[in-house]
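The structure file final12.txt is reproduced below (compact mmCIF, N, CA and C atoms).
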# COMPACT_ATOMS: atom_id res chain seq x y z
N MET A 140 4.40 -8.07 17.15
CA MET A 140 4.92 -6.73 17.33
C MET A 140 5.53 -6.27 16.02
N LEU A 141 5.11 -5.16 15.52
CA LEU A 141 5.65 -4.59 14.30
C LEU A 141 6.93 -3.83 14.63
N LEU A 142 8.02 -4.21 13.99
CA LEU A 142 9.31 -3.58 14.27
C LEU A 142 9.74 -2.61 13.19
N GLY A 143 9.14 -2.72 12.04
CA GLY A 143 9.51 -1.86 10.93
C GLY A 143 8.92 -2.41 9.66
N HIS A 144 9.30 -1.84 8.54
CA HIS A 144 8.79 -2.28 7.25
C HIS A 144 9.96 -2.52 6.33
N GLU A 145 9.95 -3.69 5.68
CA GLU A 145 11.05 -4.10 4.81
C GLU A 145 11.37 -3.07 3.74
N ASP A 146 10.33 -2.44 3.17
CA ASP A 146 10.54 -1.47 2.09
C ASP A 146 10.91 -0.08 2.61
N HIS A 147 10.80 0.14 3.92
CA HIS A 147 11.10 1.44 4.51
C HIS A 147 11.97 1.26 5.76
N PRO A 148 13.26 0.94 5.57
CA PRO A 148 14.12 0.68 6.73
C PRO A 148 14.25 1.88 7.67
N GLU A 149 13.97 3.07 7.18
CA GLU A 149 14.06 4.26 8.04
C GLU A 149 12.98 4.24 9.13
N LEU A 150 11.98 3.38 8.97
CA LEU A 150 10.91 3.28 9.95
C LEU A 150 11.17 2.21 11.02
N LEU A 151 12.33 1.57 10.94
CA LEU A 151 12.67 0.52 11.90
C LEU A 151 12.65 1.07 13.31
N LEU A 152 11.91 0.40 14.18
CA LEU A 152 11.85 0.80 15.58
C LEU A 152 13.14 0.40 16.27
N THR A 153 13.54 1.17 17.26
CA THR A 153 14.75 0.80 17.99
C THR A 153 14.50 -0.49 18.75
N GLU A 154 15.52 -1.30 18.84
CA GLU A 154 15.40 -2.56 19.54
C GLU A 154 15.32 -2.33 21.03
N GLU A 155 14.50 -3.17 21.67
CA GLU A 155 14.40 -3.07 23.12
C GLU A 155 15.78 -3.30 23.72
N ALA A 156 16.01 -2.69 24.84
CA ALA A 156 17.30 -2.86 25.51
C ALA A 156 17.28 -4.21 26.23
N ALA A 157 17.25 -5.26 25.44
CA ALA A 157 17.19 -6.61 26.00
C ALA A 157 18.57 -7.01 26.48
N SER A 158 18.60 -7.56 27.65
CA SER A 158 19.87 -8.07 28.14
C SER A 158 19.91 -9.56 27.81
N PHE A 159 20.70 -9.88 26.81
CA PHE A 159 20.84 -11.27 26.40
C PHE A 159 21.72 -12.01 27.40
N ILE A 160 21.34 -13.24 27.63
CA ILE A 160 22.13 -14.12 28.49
C ILE A 160 22.72 -15.20 27.60
N THR A 161 24.04 -15.29 27.59
CA THR A 161 24.71 -16.30 26.80
C THR A 161 24.59 -17.63 27.53
N LEU A 162 24.12 -18.64 26.84
CA LEU A 162 23.93 -19.94 27.45
C LEU A 162 25.27 -20.62 27.70
N ALA A 163 25.41 -21.24 28.86
CA ALA A 163 26.64 -21.97 29.18
C ALA A 163 26.84 -23.10 28.18
N GLU A 164 25.76 -23.77 27.84
CA GLU A 164 25.79 -24.81 26.81
C GLU A 164 24.72 -24.47 25.79
N PRO A 165 25.11 -24.18 24.55
CA PRO A 165 24.11 -23.86 23.54
C PRO A 165 23.05 -24.97 23.44
N MET A 166 21.82 -24.57 23.14
CA MET A 166 20.70 -25.51 23.08
C MET A 166 20.32 -25.76 21.62
N ALA A 167 20.31 -27.02 21.23
CA ALA A 167 19.99 -27.38 19.85
C ALA A 167 18.49 -27.31 19.58
N PHE A 168 18.16 -27.02 18.35
CA PHE A 168 16.78 -27.05 17.88
C PHE A 168 16.80 -27.39 16.40
N SER A 169 15.64 -27.68 15.85
CA SER A 169 15.51 -27.80 14.41
C SER A 169 14.45 -26.80 13.99
N PHE A 170 14.51 -26.37 12.74
CA PHE A 170 13.56 -25.34 12.30
C PHE A 170 13.20 -25.54 10.84
N VAL A 171 12.10 -24.91 10.49
CA VAL A 171 11.62 -24.91 9.11
C VAL A 171 11.08 -23.51 8.83
N SER A 172 11.29 -23.03 7.61
CA SER A 172 10.76 -21.73 7.21
C SER A 172 9.29 -21.86 6.86
N LEU A 173 8.55 -20.80 7.14
CA LEU A 173 7.13 -20.77 6.80
C LEU A 173 6.93 -19.84 5.62
N ALA A 174 6.18 -20.28 4.64
CA ALA A 174 5.81 -19.44 3.50
C ALA A 174 4.30 -19.35 3.53
N GLY A 175 3.78 -18.23 4.02
CA GLY A 175 2.34 -18.13 4.24
C GLY A 175 1.97 -19.07 5.35
N LYS A 176 1.11 -20.02 5.07
CA LYS A 176 0.74 -21.03 6.07
C LYS A 176 1.36 -22.38 5.73
N GLN A 177 2.26 -22.39 4.76
CA GLN A 177 2.92 -23.62 4.34
C GLN A 177 4.29 -23.75 4.96
N LEU A 178 4.66 -24.98 5.31
CA LEU A 178 5.99 -25.27 5.84
C LEU A 178 6.90 -25.72 4.71
N ASP A 179 8.18 -25.38 4.81
CA ASP A 179 9.17 -25.95 3.89
C ASP A 179 9.16 -27.46 4.09
N ASP A 180 9.76 -28.16 3.16
CA ASP A 180 9.77 -29.61 3.24
C ASP A 180 10.76 -30.17 4.26
N LYS A 181 11.82 -29.46 4.52
CA LYS A 181 12.93 -30.03 5.28
C LYS A 181 13.22 -29.24 6.55
N MET A 182 13.44 -29.97 7.65
CA MET A 182 13.87 -29.35 8.90
C MET A 182 15.38 -29.13 8.82
N HIS A 183 15.85 -28.02 9.39
CA HIS A 183 17.27 -27.68 9.40
C HIS A 183 17.73 -27.56 10.85
N PRO A 184 18.99 -27.88 11.14
CA PRO A 184 19.48 -27.76 12.51
C PRO A 184 19.88 -26.33 12.86
N GLY A 185 19.78 -26.00 14.13
CA GLY A 185 20.21 -24.71 14.63
C GLY A 185 20.54 -24.81 16.11
N THR A 186 21.06 -23.71 16.66
CA THR A 186 21.47 -23.68 18.05
C THR A 186 21.13 -22.33 18.65
N PHE A 187 20.50 -22.33 19.84
CA PHE A 187 20.32 -21.10 20.60
C PHE A 187 21.65 -20.79 21.27
N LEU A 188 22.18 -19.58 21.05
CA LEU A 188 23.42 -19.17 21.69
C LEU A 188 23.17 -18.27 22.89
N SER A 189 22.22 -17.33 22.73
CA SER A 189 21.87 -16.36 23.78
C SER A 189 20.36 -16.16 23.78
N LEU A 190 19.82 -15.84 24.97
CA LEU A 190 18.39 -15.63 25.10
C LEU A 190 18.10 -14.34 25.85
N SER A 191 17.00 -13.70 25.51
CA SER A 191 16.43 -12.63 26.32
C SER A 191 14.96 -13.01 26.51
N THR A 192 14.18 -12.15 27.06
CA THR A 192 12.78 -12.48 27.31
C THR A 192 12.02 -12.79 26.04
N ARG A 193 12.22 -12.01 24.99
CA ARG A 193 11.43 -12.17 23.76
C ARG A 193 12.27 -12.46 22.52
N ARG A 194 13.58 -12.52 22.69
CA ARG A 194 14.45 -12.69 21.53
C ARG A 194 15.54 -13.71 21.80
N ALA A 195 16.22 -14.10 20.72
CA ALA A 195 17.34 -15.03 20.84
C ALA A 195 18.35 -14.74 19.75
N ILE A 196 19.57 -15.14 20.02
CA ILE A 196 20.62 -15.15 19.01
C ILE A 196 20.83 -16.62 18.68
N VAL A 197 20.70 -16.93 17.40
CA VAL A 197 20.79 -18.32 16.96
C VAL A 197 21.86 -18.47 15.90
N GLU A 198 22.36 -19.69 15.80
CA GLU A 198 23.29 -20.05 14.74
C GLU A 198 22.66 -21.20 13.97
N VAL A 199 22.60 -21.05 12.65
CA VAL A 199 21.97 -22.06 11.81
C VAL A 199 22.95 -22.51 10.72
N THR A 200 22.57 -23.53 9.96
CA THR A 200 23.49 -24.10 8.98
C THR A 200 23.51 -23.38 7.64
N GLY A 201 22.57 -22.49 7.41
CA GLY A 201 22.53 -21.77 6.14
C GLY A 201 21.91 -20.41 6.32
N PRO A 202 21.87 -19.61 5.27
CA PRO A 202 21.35 -18.25 5.39
C PRO A 202 19.84 -18.21 5.61
N LEU A 203 19.41 -17.18 6.33
CA LEU A 203 17.99 -16.90 6.55
C LEU A 203 17.70 -15.50 6.04
N GLU A 204 16.51 -15.29 5.53
CA GLU A 204 16.11 -13.97 5.08
C GLU A 204 15.57 -13.16 6.24
N SER A 205 15.91 -11.88 6.29
CA SER A 205 15.33 -10.99 7.30
C SER A 205 13.82 -10.99 7.11
N TYR A 206 13.10 -10.96 8.20
CA TYR A 206 11.64 -10.93 8.27
C TYR A 206 10.98 -12.26 7.93
N ALA A 207 11.78 -13.32 7.73
CA ALA A 207 11.21 -14.64 7.48
C ALA A 207 10.58 -15.17 8.76
N ASN A 208 9.48 -15.89 8.62
CA ASN A 208 8.85 -16.56 9.75
C ASN A 208 9.38 -17.98 9.80
N ILE A 209 9.69 -18.44 11.01
CA ILE A 209 10.21 -19.80 11.17
C ILE A 209 9.48 -20.50 12.31
N MET A 210 9.37 -21.82 12.18
CA MET A 210 8.87 -22.66 13.25
C MET A 210 10.07 -23.44 13.79
N LEU A 211 10.27 -23.40 15.09
CA LEU A 211 11.38 -24.09 15.72
C LEU A 211 10.84 -25.24 16.55
N ARG A 212 11.57 -26.32 16.60
CA ARG A 212 11.19 -27.48 17.41
C ARG A 212 12.35 -27.80 18.34
N VAL A 213 12.06 -27.79 19.64
CA VAL A 213 13.07 -28.15 20.63
C VAL A 213 12.78 -29.56 21.11
N GLU A 214 13.84 -30.31 21.34
CA GLU A 214 13.70 -31.68 21.80
C GLU A 214 13.04 -31.73 23.17
N ALA A 215 12.38 -32.81 23.42
CA ALA A 215 11.67 -32.99 24.68
C ALA A 215 12.63 -33.16 25.85
N GLU A 216 12.19 -32.66 26.99
CA GLU A 216 12.88 -32.98 28.24
C GLU A 216 12.24 -34.26 28.75
N ALA A 217 12.81 -34.86 29.77
CA ALA A 217 12.30 -36.12 30.31
C ALA A 217 10.80 -36.01 30.61
N GLY A 218 10.02 -36.90 30.02
CA GLY A 218 8.59 -36.95 30.29
C GLY A 218 7.74 -35.98 29.49
N ASP A 219 8.34 -35.10 28.69
CA ASP A 219 7.59 -34.14 27.90
C ASP A 219 7.68 -34.49 26.42
N ALA A 220 6.77 -33.93 25.66
CA ALA A 220 6.82 -34.07 24.20
C ALA A 220 7.66 -32.94 23.62
N ALA A 221 8.15 -33.12 22.41
CA ALA A 221 8.87 -32.04 21.73
C ALA A 221 7.94 -30.84 21.61
N SER A 222 8.50 -29.64 21.69
CA SER A 222 7.69 -28.43 21.64
C SER A 222 8.03 -27.61 20.41
N GLU A 223 6.99 -26.96 19.88
CA GLU A 223 7.17 -26.08 18.73
C GLU A 223 6.96 -24.64 19.18
N LEU A 224 7.81 -23.76 18.68
CA LEU A 224 7.65 -22.34 18.92
C LEU A 224 7.86 -21.62 17.60
N TYR A 225 7.43 -20.37 17.56
CA TYR A 225 7.47 -19.61 16.31
C TYR A 225 8.24 -18.31 16.54
N ALA A 226 8.91 -17.86 15.48
CA ALA A 226 9.71 -16.64 15.57
C ALA A 226 9.80 -15.98 14.21
N LYS A 227 10.24 -14.72 14.24
CA LYS A 227 10.51 -13.96 13.03
C LYS A 227 12.00 -13.61 13.06
N VAL A 228 12.66 -13.80 11.93
CA VAL A 228 14.06 -13.41 11.80
C VAL A 228 14.10 -11.89 11.72
N ILE A 229 14.84 -11.25 12.61
CA ILE A 229 14.94 -9.79 12.60
C ILE A 229 16.04 -9.35 11.64
N ARG A 230 17.23 -9.88 11.85
CA ARG A 230 18.35 -9.48 10.98
C ARG A 230 19.54 -10.39 11.24
N PRO A 231 20.47 -10.44 10.29
CA PRO A 231 21.70 -11.19 10.52
C PRO A 231 22.60 -10.42 11.48
N LEU A 232 23.30 -11.14 12.32
CA LEU A 232 24.31 -10.54 13.19
C LEU A 232 25.70 -10.80 12.64
N ASP A 233 25.88 -11.96 12.04
CA ASP A 233 27.15 -12.34 11.44
C ASP A 233 26.82 -13.36 10.35
N GLU A 234 26.66 -12.87 9.12
CA GLU A 234 26.24 -13.76 8.03
C GLU A 234 27.28 -14.83 7.73
N SER A 235 28.56 -14.53 7.94
CA SER A 235 29.59 -15.53 7.65
C SER A 235 29.49 -16.72 8.62
N ALA A 236 28.97 -16.48 9.82
CA ALA A 236 28.80 -17.56 10.80
C ALA A 236 27.34 -18.01 10.87
N ASN A 237 26.48 -17.44 10.01
CA ASN A 237 25.05 -17.75 10.01
C ASN A 237 24.41 -17.54 11.39
N ARG A 238 24.73 -16.38 11.99
CA ARG A 238 24.14 -16.00 13.27
C ARG A 238 23.10 -14.90 13.04
N TYR A 239 21.93 -15.10 13.68
CA TYR A 239 20.80 -14.20 13.44
C TYR A 239 20.12 -13.83 14.76
N LEU A 240 19.51 -12.66 14.74
CA LEU A 240 18.65 -12.22 15.83
C LEU A 240 17.23 -12.59 15.43
N ILE A 241 16.54 -13.31 16.33
CA ILE A 241 15.15 -13.65 16.07
C ILE A 241 14.28 -13.10 17.19
N HIS A 242 13.00 -12.90 16.87
CA HIS A 242 12.02 -12.41 17.84
C HIS A 242 10.93 -13.47 17.95
N PHE A 243 10.70 -13.97 19.17
CA PHE A 243 9.68 -14.99 19.37
C PHE A 243 8.29 -14.41 19.18
N THR A 244 7.46 -15.13 18.44
CA THR A 244 6.07 -14.72 18.26
C THR A 244 5.11 -15.64 19.00
N LEU A 245 5.52 -16.87 19.30
CA LEU A 245 4.72 -17.79 20.09
C LEU A 245 5.65 -18.78 20.78
N VAL A 246 5.62 -18.76 22.12
CA VAL A 246 6.44 -19.67 22.91
C VAL A 246 5.52 -20.36 23.91
N PRO A 247 5.36 -21.69 23.81
CA PRO A 247 4.50 -22.39 24.75
C PRO A 247 5.06 -22.29 26.18
N PRO A 248 4.19 -22.39 27.19
CA PRO A 248 4.63 -22.28 28.59
C PRO A 248 5.75 -23.26 28.96
N ALA A 249 5.71 -24.48 28.44
CA ALA A 249 6.76 -25.45 28.77
C ALA A 249 8.12 -24.97 28.30
N VAL A 250 8.17 -24.36 27.11
CA VAL A 250 9.44 -23.86 26.58
C VAL A 250 9.87 -22.61 27.35
N GLN A 251 8.92 -21.74 27.71
CA GLN A 251 9.25 -20.57 28.53
C GLN A 251 9.92 -21.01 29.83
N GLY A 252 9.36 -22.02 30.47
CA GLY A 252 9.95 -22.54 31.70
C GLY A 252 11.34 -23.11 31.48
N ARG A 253 11.50 -23.81 30.37
CA ARG A 253 12.82 -24.37 30.06
C ARG A 253 13.85 -23.27 29.83
N PHE A 254 13.47 -22.23 29.07
CA PHE A 254 14.37 -21.10 28.84
C PHE A 254 14.74 -20.44 30.16
N GLN A 255 13.75 -20.28 31.04
CA GLN A 255 14.02 -19.65 32.34
C GLN A 255 15.01 -20.48 33.15
N ARG A 256 14.84 -21.79 33.14
CA ARG A 256 15.77 -22.67 33.87
C ARG A 256 17.18 -22.58 33.30
N LEU A 257 17.27 -22.47 31.96
CA LEU A 257 18.59 -22.39 31.30
C LEU A 257 19.33 -21.10 31.66
N THR A 258 18.58 -20.02 31.91
CA THR A 258 19.22 -18.73 32.13
C THR A 258 19.30 -18.32 33.60
N GLU A 259 18.68 -19.06 34.50
CA GLU A 259 18.73 -18.69 35.92
C GLU A 259 20.17 -18.73 36.43
N GLY A 260 20.53 -17.70 37.11
CA GLY A 260 21.85 -17.63 37.74
C GLY A 260 22.99 -17.32 36.79
N ILE A 261 22.69 -17.11 35.50
CA ILE A 261 23.75 -16.76 34.54
C ILE A 261 23.67 -15.27 34.27
N LYS A 262 24.76 -14.59 34.38
CA LYS A 262 24.82 -13.14 34.10
C LYS A 262 25.07 -12.91 32.63
N GLY A 263 24.47 -11.86 32.10
CA GLY A 263 24.68 -11.47 30.70
C GLY A 263 26.07 -10.93 30.48
N PRO A 264 26.46 -10.78 29.19
CA PRO A 264 27.82 -10.30 28.86
C PRO A 264 28.05 -8.87 29.27
What does the file become when written as structure tokens?
Amino acid sequence: MLLGHEDHPELLLTEEAASFITLAEPMAFSFVSLAGKQLDDKMHPGTFLSLSTRRAIVEVTGPLESYANIMLRVEAEAGDAASELYAKVIRPLDESANRYLIHFTLVPPAVQGRFQRLTEGIKGP
């Protein structure tokens, strides 16, 4: 989904009225930045703080560039393999805390189910 153009911020589309659900217990993940079709050398830790259907608020250990593509890896649940999902960094929410809004571009069904289980019965802020 095209949300805008880096060189023309006036063309930024309004964000969907997503109702984020704050997780009772933040969910850890590791991630790597993608440059073209190449992965960075090192995985970095991060945490999902809030989720919506297509987006998340994450906290990471260092700065991320807006519009960067990232691959995230979530640890396996019992009996499953670790899962990889992909996202685009939309913008920083709090750079001093390294909190960012990301938009999922590919989420495998197993991770979608896990996210749904994490957010069931929890009301948004």
- Message: Residues near Ala249 (chain A), anyone? I mean within 10 Å using only C-alpha atoms, not counting same-chain ones fewer than 6 positions away, as an NGL selection string.
- Response: :A and (215-216 or 219-222 or 255)
- Message: With only N, CA and C atoms as the counted atoms, please give the residues lying no more than 7 Å from Thr244 (chain A), apart from itself and same-chain residues fewer than 3 positions off, as a PyMOL selection string.
- Response: chain A and resi 140+193+224-227
- Smallest atom-to-atom distance to Val171 (chain A): which of A:Ile209, A:Val250, A:Ile241, A:Leu232, using all atoms listed in the file? A:Ile209
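In this structure, atom C of Ile196 (chain A) sits 12.4 Å away from CA of Leu211 (chain A).
Take atom N of Pro248 (chain A) and atom C of Glu223 (chain A): the distance between them is 8.8 Å.
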- Find the residues around Glu204 (chain A) up to 8 Å (all atoms listed in the file counted), leave out those fewer than 2 positions away in its own chain, and share them as a PyMOL selection string. chain A and resi 201-202+206-208+227-231
- Restricting the calculation to all atoms listed in the file, which member of A:Met166, A:Leu257, A:Ala195, A:Leu240 is positioned closest to Glu214 (chain A)? A:Met166
- Message: Between atom N of Glu164 (chain A) and atom N of Ser205 (chain A), what is the distance in Å, rounded to a tenth?
- Response: 26.5 Å
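Distances from A:Val199, A:Val246, A:Leu188, A:Met210 to Thr161 (chain A) were compared using all atoms listed in the file, and the smallest one belongs to A:Leu188.
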